[in-house]
Amino acid sequence: MIRILVADDHPIVRQGLKQIISGSPGMVVAAEAADGQEVLNQVWKNEFDVVLLDISMPGRNGLDILKQLKSQKPGLAVLLLSVHPEEQYALRVLKAGASGYVTKDRAPEELISAIRAAASGKKYVSPSLAQVLASAAGVEAAGPLHQFLSDREYSVLRLIAAGRTPISIAEELSVSPKTVSTFRSRLLKKMGLKTDAEIVRYAIENRLLG
């Protein structure tokens, strides 16, 4: 039996995932979590085969939680679930050790296939994600500028592009406004940009919003 921890801050989403999983033989939702700290607490106290983790968790986001889980339990399979298109986060989560990246607009059958693959120690890569990976492999050594940002800098870039204020970004990332300003300065320097308007234009041109 595949034991699954379902982690999403929306009760309706968790209920939907439980219904999908309960209709599939050989797997069971053994526990739920509504935020990042609850995910860590559950994993410390219980044994799971797969963690189904929403990337947009309140407090520490799913990417941060993924990294901590993989550092403490390298053998634990973690699937990232997200509303964001694959080109925005998939490469980052796979590099961080995720067993796969599934967008919430996928069919339930694909989610079940991803869970089974993760539980068996495999990486789940959808046909569309395979194209993303192939495109990334074919990019010249320089690569798109945002690929050289740290995960925090990338998050700040996307939030600035979405029109969020420094205080709002600080609350989202659980850091101080001063730290947000530091990340902003670093990403501007790395990308050769000067203003928030240029950040917005870059994000739109590279499909980093949505």
# chains A, B, ... in the order shown; residues from 1 in each chain; ligands from 1
>>> residues_around(residues="region 81-85 of chain A", least_positions_apart="2", cutoff="9 Å", atoms="only C-alpha atoms", output="PDB file with N, CA, C and O atoms, in the first residue's frame")
ATOM      1  N   ASP A   8      -1.690  20.686   1.016  1.00  0.00           N
ATOM      2  CA  ASP A   8      -2.239  21.815   0.269  1.00  0.00           C
ATOM      3  C   ASP A   8      -2.995  22.685   1.261  1.00  0.00           C
ATOM      4  O   ASP A   8      -3.657  22.163   2.153  1.00  0.00           O
ATOM      5  N   LEU A  52       2.687  14.505  -1.564  1.00  0.00           N
ATOM      6  CA  LEU A  52       2.098  15.287  -2.654  1.00  0.00           C
ATOM      7  C   LEU A  52       2.007  16.719  -2.156  1.00  0.00           C
ATOM      8  O   LEU A  52       1.175  17.051  -1.308  1.00  0.00           O
ATOM      9  N   LEU A  53       2.882  17.583  -2.660  1.00  0.00           N
ATOM     10  CA  LEU A  53       3.134  18.895  -2.053  1.00  0.00           C
ATOM     11  C   LEU A  53       2.798  20.041  -3.005  1.00  0.00           C
ATOM     12  O   LEU A  53       3.353  20.141  -4.100  1.00  0.00           O
ATOM     13  N   ASP A  54       1.889  20.909  -2.557  1.00  0.00           N
ATOM     14  CA  ASP A  54       1.565  22.110  -3.320  1.00  0.00           C
ATOM     15  C   ASP A  54       2.746  23.073  -3.240  1.00  0.00           C
ATOM     16  O   ASP A  54       3.303  23.302  -2.156  1.00  0.00           O
ATOM     17  N   ILE A  55       3.142  23.641  -4.366  1.00  0.00           N
ATOM     18  CA  ILE A  55       4.311  24.508  -4.371  1.00  0.00           C
ATOM     19  C   ILE A  55       4.023  25.865  -3.735  1.00  0.00           C
ATOM     20  O   ILE A  55       4.928  26.547  -3.265  1.00  0.00           O
ATOM     21  N   SER A  56       2.747  26.261  -3.669  1.00  0.00           N
ATOM     22  CA  SER A  56       2.389  27.580  -3.135  1.00  0.00           C
ATOM     23  C   SER A  56       1.803  27.481  -1.734  1.00  0.00           C
ATOM     24  O   SER A  56       0.679  27.900  -1.480  1.00  0.00           O
ATOM     25  N   LEU A  79       6.308  14.715  -4.795  1.00  0.00           N
ATOM     26  CA  LEU A  79       5.720  15.213  -6.038  1.00  0.00           C
ATOM     27  C   LEU A  79       5.220  16.629  -5.802  1.00  0.00           C
ATOM     28  O   LEU A  79       4.493  16.875  -4.844  1.00  0.00           O
ATOM     29  N   GLU A  87       6.970  25.279 -17.410  1.00  0.00           N
ATOM     30  CA  GLU A  87       8.186  26.017 -17.739  1.00  0.00           C
ATOM     31  C   GLU A  87       8.594  26.993 -16.632  1.00  0.00           C
ATOM     32  O   GLU A  87       9.727  27.469 -16.615  1.00  0.00           O
ATOM     33  N   GLN A  88       7.685  27.283 -15.701  1.00  0.00           N
ATOM     34  CA  GLN A  88       8.004  28.243 -14.646  1.00  0.00           C
ATOM     35  C   GLN A  88       8.781  27.615 -13.484  1.00  0.00           C
ATOM     36  O   GLN A  88       9.628  28.261 -12.882  1.00  0.00           O
ATOM     37  N   TYR A  89       8.485  26.374 -13.142  1.00  0.00           N
ATOM     38  CA  TYR A  89       9.085  25.787 -11.940  1.00  0.00           C
ATOM     39  C   TYR A  89       9.640  24.373 -12.114  1.00  0.00           C
ATOM     40  O   TYR A  89      10.421  23.924 -11.281  1.00  0.00           O
ATOM     41  N   ALA A  90       9.220  23.666 -13.138  1.00  0.00           N
ATOM     42  CA  ALA A  90       9.547  22.242 -13.221  1.00  0.00           C
ATOM     43  C   ALA A  90      11.043  21.955 -13.156  1.00  0.00           C
ATOM     44  O   ALA A  90      11.480  21.051 -12.433  1.00  0.00           O
ATOM     45  N   GLY A 100       8.766  14.599  -9.411  1.00  0.00           N
ATOM     46  CA  GLY A 100       7.936  15.014 -10.536  1.00  0.00           C
ATOM     47  C   GLY A 100       7.242  16.317 -10.253  1.00  0.00           C
ATOM     48  O   GLY A 100       7.274  16.832  -9.129  1.00  0.00           O
ATOM     49  N   TYR A 101       6.625  16.880 -11.294  1.00  0.00           N
ATOM     50  CA  TYR A 101       5.920  18.150 -11.208  1.00  0.00           C
ATOM     51  C   TYR A 101       4.627  18.002 -11.986  1.00  0.00           C
ATOM     52  O   TYR A 101       4.647  17.720 -13.189  1.00  0.00           O
ATOM     53  N   VAL A 102       3.493  18.119 -11.299  1.00  0.00           N
ATOM     54  CA  VAL A 102       2.195  17.912 -11.934  1.00  0.00           C
ATOM     55  C   VAL A 102       1.361  19.170 -11.783  1.00  0.00           C
ATOM     56  O   VAL A 102       1.154  19.649 -10.662  1.00  0.00           O
ATOM     57  N   THR A 103       0.888  19.729 -12.888  1.00  0.00           N
ATOM     58  CA  THR A 103       0.032  20.910 -12.813  1.00  0.00           C
ATOM     59  C   THR A 103      -1.401  20.485 -12.504  1.00  0.00           C
ATOM     60  O   THR A 103      -1.826  19.381 -12.854  1.00  0.00           O
ATOM     61  N   LYS A 104      -2.130  21.382 -11.833  1.00  0.00           N
ATOM     62  CA  LYS A 104      -3.454  21.032 -11.339  1.00  0.00           C
ATOM     63  C   LYS A 104      -4.513  20.918 -12.436  1.00  0.00           C
ATOM     64  O   LYS A 104      -5.639  20.505 -12.161  1.00  0.00           O
ATOM     65  N   ASP A 105      -4.146  21.270 -13.672  1.00  0.00           N
ATOM     66  CA  ASP A 105      -5.106  21.119 -14.755  1.00  0.00           C
ATOM     67  C   ASP A 105      -4.987  19.757 -15.447  1.00  0.00           C
ATOM     68  O   ASP A 105      -5.679  19.485 -16.429  1.00  0.00           O
ATOM     69  N   LEU A 208       6.729  34.054 -17.461  1.00  0.00           N
ATOM     70  CA  LEU A 208       6.987  33.689 -16.082  1.00  0.00           C
ATOM     71  C   LEU A 208       5.820  34.006 -15.152  1.00  0.00           C
ATOM     72  O   LEU A 208       5.879  33.717 -13.968  1.00  0.00           O
ATOM     73  N   LEU A 209       4.775  34.589 -15.703  1.00  0.00           N
ATOM     74  CA  LEU A 209       3.598  34.909 -14.902  1.00  0.00           C
ATOM     75  C   LEU A 209       2.455  33.971 -15.257  1.00  0.00           C
ATOM     76  O   LEU A 209       2.425  33.379 -16.316  1.00  0.00           O
ATOM     77  N   GLY A 210       1.495  33.878 -14.342  1.00  0.00           N
ATOM     78  CA  GLY A 210       0.325  33.038 -14.601  1.00  0.00           C
ATOM     79  C   GLY A 210       0.219  31.923 -13.577  1.00  0.00           C
ATOM     80  O   GLY A 210       1.049  31.743 -12.737  1.00  0.00           O
TER      81      GLY A 210
END
>>> residues_around(residues="Arg60 (chain A)", least_positions_apart="5", cutoff="12 Å", atoms="only C-alpha atoms", output="ChimeraX atom specification")
/A:9,34-40,54-55,65-68,152,155,170-175
>>> write_last_selection(atoms="C-alpha atoms", output="PDB file, in the first residue's frame")
ATOM      1  CA  ASP A   9      -3.554  24.872   2.090  1.00  0.00           C
ATOM      2  CA  ALA A  34      -2.218  22.652   5.406  1.00  0.00           C
ATOM      3  CA  ASP A  35       1.138  24.471   5.647  1.00  0.00           C
ATOM      4  CA  GLY A  36       4.867  23.872   5.399  1.00  0.00           C
ATOM      5  CA  GLN A  37       5.537  23.351   9.084  1.00  0.00           C
ATOM      6  CA  GLU A  38       2.733  20.812   9.286  1.00  0.00           C
ATOM      7  CA  VAL A  39       4.321  18.917   6.392  1.00  0.00           C
ATOM      8  CA  LEU A  40       7.624  18.725   8.270  1.00  0.00           C
ATOM      9  CA  ASP A  54       1.565  22.110  -3.320  1.00  0.00           C
ATOM     10  CA  ILE A  55       4.311  24.508  -4.371  1.00  0.00           C
ATOM     11  CA  ILE A  65       9.962  22.472   2.070  1.00  0.00           C
ATOM     12  CA  LEU A  66      11.102  20.144  -0.720  1.00  0.00           C
ATOM     13  CA  LYS A  67      14.744  21.023  -0.093  1.00  0.00           C
ATOM     14  CA  GLN A  68      14.444  20.413   3.646  1.00  0.00           C
ATOM     15  CA  ARG A 152      14.595  33.172  -3.614  1.00  0.00           C
ATOM     16  CA  SER A 155      10.476  34.129  -6.377  1.00  0.00           C
ATOM     17  CA  ALA A 170       8.307  39.872   2.593  1.00  0.00           C
ATOM     18  CA  GLU A 171       5.185  38.386   4.169  1.00  0.00           C
ATOM     19  CA  GLU A 172       4.836  35.835   1.356  1.00  0.00           C
ATOM     20  CA  LEU A 173       8.425  34.653   1.725  1.00  0.00           C
ATOM     21  CA  SER A 174       8.623  35.017   5.520  1.00  0.00           C
ATOM     22  CA  VAL A 175      11.591  37.393   5.328  1.00  0.00           C
TER      23      VAL A 175
END
>>> select_by_dssp(residues="region 8-146 of chain A", states="strand (DSSP E or B)", output="JSON, numbers by chain")
{"A": [27, 28, 29, 30, 31, 32, 33, 50, 51, 52, 53, 54, 77, 78, 79, 80, 81, 82, 100, 101, 102, 103, 124]}
>>> write_last_selection(atoms="N, CA, C and O atoms", output="PDB file, in the first residue's frame")
ATOM      1  N   MET A  27      -3.278   2.447  -2.901  1.00  0.00           N
ATOM      2  CA  MET A  27      -2.761   3.682  -2.324  1.00  0.00           C
ATOM      3  C   MET A  27      -3.790   4.291  -1.391  1.00  0.00           C
ATOM      4  O   MET A  27      -4.987   4.094  -1.542  1.00  0.00           O
ATOM      5  N   VAL A  28      -3.286   5.043  -0.394  1.00  0.00           N
ATOM      6  CA  VAL A  28      -4.163   5.631   0.605  1.00  0.00           C
ATOM      7  C   VAL A  28      -3.584   6.956   1.086  1.00  0.00           C
ATOM      8  O   VAL A  28      -2.365   7.114   1.163  1.00  0.00           O
ATOM      9  N   VAL A  29      -4.455   7.936   1.354  1.00  0.00           N
ATOM     10  CA  VAL A  29      -4.019   9.188   1.970  1.00  0.00           C
ATOM     11  C   VAL A  29      -3.885   8.938   3.461  1.00  0.00           C
ATOM     12  O   VAL A  29      -4.875   8.790   4.174  1.00  0.00           O
ATOM     13  N   ALA A  30      -2.655   8.863   3.923  1.00  0.00           N
ATOM     14  CA  ALA A  30      -2.396   8.533   5.323  1.00  0.00           C
ATOM     15  C   ALA A  30      -2.449   9.748   6.233  1.00  0.00           C
ATOM     16  O   ALA A  30      -2.635   9.618   7.440  1.00  0.00           O
ATOM     17  N   ALA A  31      -2.282  10.960   5.660  1.00  0.00           N
ATOM     18  CA  ALA A  31      -2.316  12.181   6.462  1.00  0.00           C
ATOM     19  C   ALA A  31      -2.446  13.387   5.539  1.00  0.00           C
ATOM     20  O   ALA A  31      -2.230  13.282   4.323  1.00  0.00           O
ATOM     21  N   GLU A  32      -2.798  14.526   6.155  1.00  0.00           N
ATOM     22  CA  GLU A  32      -2.921  15.779   5.418  1.00  0.00           C
ATOM     23  C   GLU A  32      -2.120  16.866   6.127  1.00  0.00           C
ATOM     24  O   GLU A  32      -1.828  16.757   7.315  1.00  0.00           O
ATOM     25  N   ALA A  33      -1.785  17.906   5.359  1.00  0.00           N
ATOM     26  CA  ALA A  33      -1.088  19.067   5.940  1.00  0.00           C
ATOM     27  C   ALA A  33      -1.554  20.316   5.222  1.00  0.00           C
ATOM     28  O   ALA A  33      -1.788  20.293   4.008  1.00  0.00           O
ATOM     29  N   VAL A  50       5.047   8.675  -0.400  1.00  0.00           N
ATOM     30  CA  VAL A  50       5.016   9.824  -1.308  1.00  0.00           C
ATOM     31  C   VAL A  50       4.418  11.030  -0.589  1.00  0.00           C
ATOM     32  O   VAL A  50       3.419  10.899   0.118  1.00  0.00           O
ATOM     33  N   VAL A  51       5.043  12.191  -0.773  1.00  0.00           N
ATOM     34  CA  VAL A  51       4.465  13.453  -0.308  1.00  0.00           C
ATOM     35  C   VAL A  51       3.967  14.192  -1.545  1.00  0.00           C
ATOM     36  O   VAL A  51       4.746  14.451  -2.471  1.00  0.00           O
ATOM     37  N   LEU A  52       2.687  14.505  -1.564  1.00  0.00           N
ATOM     38  CA  LEU A  52       2.098  15.287  -2.654  1.00  0.00           C
ATOM     39  C   LEU A  52       2.007  16.719  -2.156  1.00  0.00           C
ATOM     40  O   LEU A  52       1.175  17.051  -1.308  1.00  0.00           O
ATOM     41  N   LEU A  53       2.882  17.583  -2.660  1.00  0.00           N
ATOM     42  CA  LEU A  53       3.134  18.895  -2.053  1.00  0.00           C
ATOM     43  C   LEU A  53       2.798  20.041  -3.005  1.00  0.00           C
ATOM     44  O   LEU A  53       3.353  20.141  -4.100  1.00  0.00           O
ATOM     45  N   ASP A  54       1.889  20.909  -2.557  1.00  0.00           N
ATOM     46  CA  ASP A  54       1.565  22.110  -3.320  1.00  0.00           C
ATOM     47  C   ASP A  54       2.746  23.073  -3.240  1.00  0.00           C
ATOM     48  O   ASP A  54       3.303  23.302  -2.156  1.00  0.00           O
ATOM     49  N   ALA A  77       9.993  10.196  -1.591  1.00  0.00           N
ATOM     50  CA  ALA A  77       9.526  10.704  -2.884  1.00  0.00           C
ATOM     51  C   ALA A  77       8.602  11.896  -2.662  1.00  0.00           C
ATOM     52  O   ALA A  77       7.660  11.822  -1.880  1.00  0.00           O
ATOM     53  N   VAL A  78       8.888  13.002  -3.349  1.00  0.00           N
ATOM     54  CA  VAL A  78       8.076  14.217  -3.221  1.00  0.00           C
ATOM     55  C   VAL A  78       7.621  14.655  -4.609  1.00  0.00           C
ATOM     56  O   VAL A  78       8.438  14.913  -5.488  1.00  0.00           O
ATOM     57  N   LEU A  79       6.308  14.715  -4.795  1.00  0.00           N
ATOM     58  CA  LEU A  79       5.720  15.213  -6.038  1.00  0.00           C
ATOM     59  C   LEU A  79       5.220  16.629  -5.802  1.00  0.00           C
ATOM     60  O   LEU A  79       4.493  16.875  -4.844  1.00  0.00           O
ATOM     61  N   LEU A  80       5.598  17.553  -6.657  1.00  0.00           N
ATOM     62  CA  LEU A  80       5.127  18.926  -6.538  1.00  0.00           C
ATOM     63  C   LEU A  80       3.870  19.097  -7.389  1.00  0.00           C
ATOM     64  O   LEU A  80       3.829  18.698  -8.559  1.00  0.00           O
ATOM     65  N   LEU A  81       2.860  19.685  -6.767  1.00  0.00           N
ATOM     66  CA  LEU A  81       1.590  19.963  -7.438  1.00  0.00           C
ATOM     67  C   LEU A  81       1.448  21.477  -7.536  1.00  0.00           C
ATOM     68  O   LEU A  81       1.709  22.189  -6.555  1.00  0.00           O
ATOM     69  N   SER A  82       1.038  21.989  -8.711  1.00  0.00           N
ATOM     70  CA  SER A  82       1.058  23.439  -8.883  1.00  0.00           C
ATOM     71  C   SER A  82       0.052  23.911  -9.919  1.00  0.00           C
ATOM     72  O   SER A  82      -0.310  23.175 -10.840  1.00  0.00           O
ATOM     73  N   GLY A 100       8.766  14.599  -9.411  1.00  0.00           N
ATOM     74  CA  GLY A 100       7.936  15.014 -10.536  1.00  0.00           C
ATOM     75  C   GLY A 100       7.242  16.317 -10.253  1.00  0.00           C
ATOM     76  O   GLY A 100       7.274  16.832  -9.129  1.00  0.00           O
ATOM     77  N   TYR A 101       6.625  16.880 -11.294  1.00  0.00           N
ATOM     78  CA  TYR A 101       5.920  18.150 -11.208  1.00  0.00           C
ATOM     79  C   TYR A 101       4.627  18.002 -11.986  1.00  0.00           C
ATOM     80  O   TYR A 101       4.647  17.720 -13.189  1.00  0.00           O
ATOM     81  N   VAL A 102       3.493  18.119 -11.299  1.00  0.00           N
ATOM     82  CA  VAL A 102       2.195  17.912 -11.934  1.00  0.00           C
ATOM     83  C   VAL A 102       1.361  19.170 -11.783  1.00  0.00           C
ATOM     84  O   VAL A 102       1.154  19.649 -10.662  1.00  0.00           O
ATOM     85  N   THR A 103       0.888  19.729 -12.888  1.00  0.00           N
ATOM     86  CA  THR A 103       0.032  20.910 -12.813  1.00  0.00           C
ATOM     87  C   THR A 103      -1.401  20.485 -12.504  1.00  0.00           C
ATOM     88  O   THR A 103      -1.826  19.381 -12.854  1.00  0.00           O
ATOM     89  N   TYR A 124       8.724  11.149 -12.532  1.00  0.00           N
ATOM     90  CA  TYR A 124       7.589  11.263 -13.443  1.00  0.00           C
ATOM     91  C   TYR A 124       7.774  12.497 -14.311  1.00  0.00           C
ATOM     92  O   TYR A 124       7.887  13.612 -13.800  1.00  0.00           O
TER      93      TYR A 124
END
>>> closest_residue(among="A:Arg184, A:Arg92, A:Ser99, A:Gln72", to="Leu159 (chain A)", atoms="only C-alpha atoms")
A:Arg184
>>> atom_distance(atom1="CA of Ile169 (chain A)", atom2="CA of Leu157 (chain A)")
10.0 Å
>>> residues_around(residues="Ile20 (chain A)", least_positions_apart="2", cutoff="9 Å", atoms="only C-alpha atoms", output="PyMOL selection string")
chain A and resi 15-18+22-24+108-109+111-112
>>> write_last_selection(atoms="N, CA and C atoms", output="mmCIF file, in the first residue's frame")
data_model
loop_
_atom_site.group_PDB
_atom_site.id
_atom_site.type_symbol
_atom_site.label_atom_id
_atom_site.label_comp_id
_atom_site.auth_asym_id
_atom_site.auth_seq_id
_atom_site.Cartn_x
_atom_site.Cartn_y
_atom_site.Cartn_z
ATOM 1 N N GLN A 15 -9.562 17.664 -0.312
ATOM 2 C CA GLN A 15 -10.665 16.719 -0.409
ATOM 3 C C GLN A 15 -10.740 16.113 -1.801
ATOM 4 N N GLY A 16 -10.537 16.939 -2.815
ATOM 5 C CA GLY A 16 -10.547 16.436 -4.183
ATOM 6 C C GLY A 16 -9.442 15.429 -4.437
ATOM 7 N N LEU A 17 -8.253 15.727 -3.920
ATOM 8 C CA LEU A 17 -7.133 14.803 -4.083
ATOM 9 C C LEU A 17 -7.405 13.484 -3.356
ATOM 10 N N LYS A 18 -8.004 13.571 -2.179
ATOM 11 C CA LYS A 18 -8.339 12.356 -1.415
ATOM 12 C C LYS A 18 -9.333 11.497 -2.192
ATOM 13 N N SER A 22 -8.473 7.825 -3.329
ATOM 14 C CA SER A 22 -9.259 6.736 -2.728
ATOM 15 C C SER A 22 -9.869 5.818 -3.774
ATOM 16 N N GLY A 23 -10.024 6.325 -4.997
ATOM 17 C CA GLY A 23 -10.582 5.495 -6.058
ATOM 18 C C GLY A 23 -9.548 4.668 -6.786
ATOM 19 N N SER A 24 -8.307 4.732 -6.328
ATOM 20 C CA SER A 24 -7.222 3.990 -6.980
ATOM 21 C C SER A 24 -6.710 2.904 -6.046
ATOM 22 N N PRO A 108 -6.956 13.344 -13.648
ATOM 23 C CA PRO A 108 -6.677 12.544 -12.450
ATOM 24 C C PRO A 108 -5.801 11.337 -12.738
ATOM 25 N N GLU A 109 -5.974 10.731 -13.919
ATOM 26 C CA GLU A 109 -5.192 9.538 -14.263
ATOM 27 C C GLU A 109 -3.699 9.858 -14.311
ATOM 28 N N LEU A 111 -2.169 12.148 -12.490
ATOM 29 C CA LEU A 111 -1.712 12.273 -11.106
ATOM 30 C C LEU A 111 -1.448 10.899 -10.503
ATOM 31 N N ILE A 112 -2.339 9.965 -10.736
ATOM 32 C CA ILE A 112 -2.167 8.609 -10.202
ATOM 33 C C ILE A 112 -0.911 7.963 -10.789
#
>>> select_by_dssp(residues="region 8-208 of chain A", states="alpha helix (DSSP H)", output="ChimeraX atom specification")
/A:11-22,36-45,62-72,86-95,108-119,127-138,151-161,166-173,177-191,196-205
>>> residues_around(residues="Gly121 (chain A)", least_positions_apart="3", cutoff="9 Å", atoms="only C-alpha atoms", output="PyMOL selection string")
chain A and resi 75-77+99+116-118
>>> atom_distance(atom1="CA of Phe148 (chain A)", atom2="CA of Leu91 (chain A)")
12.3 Å
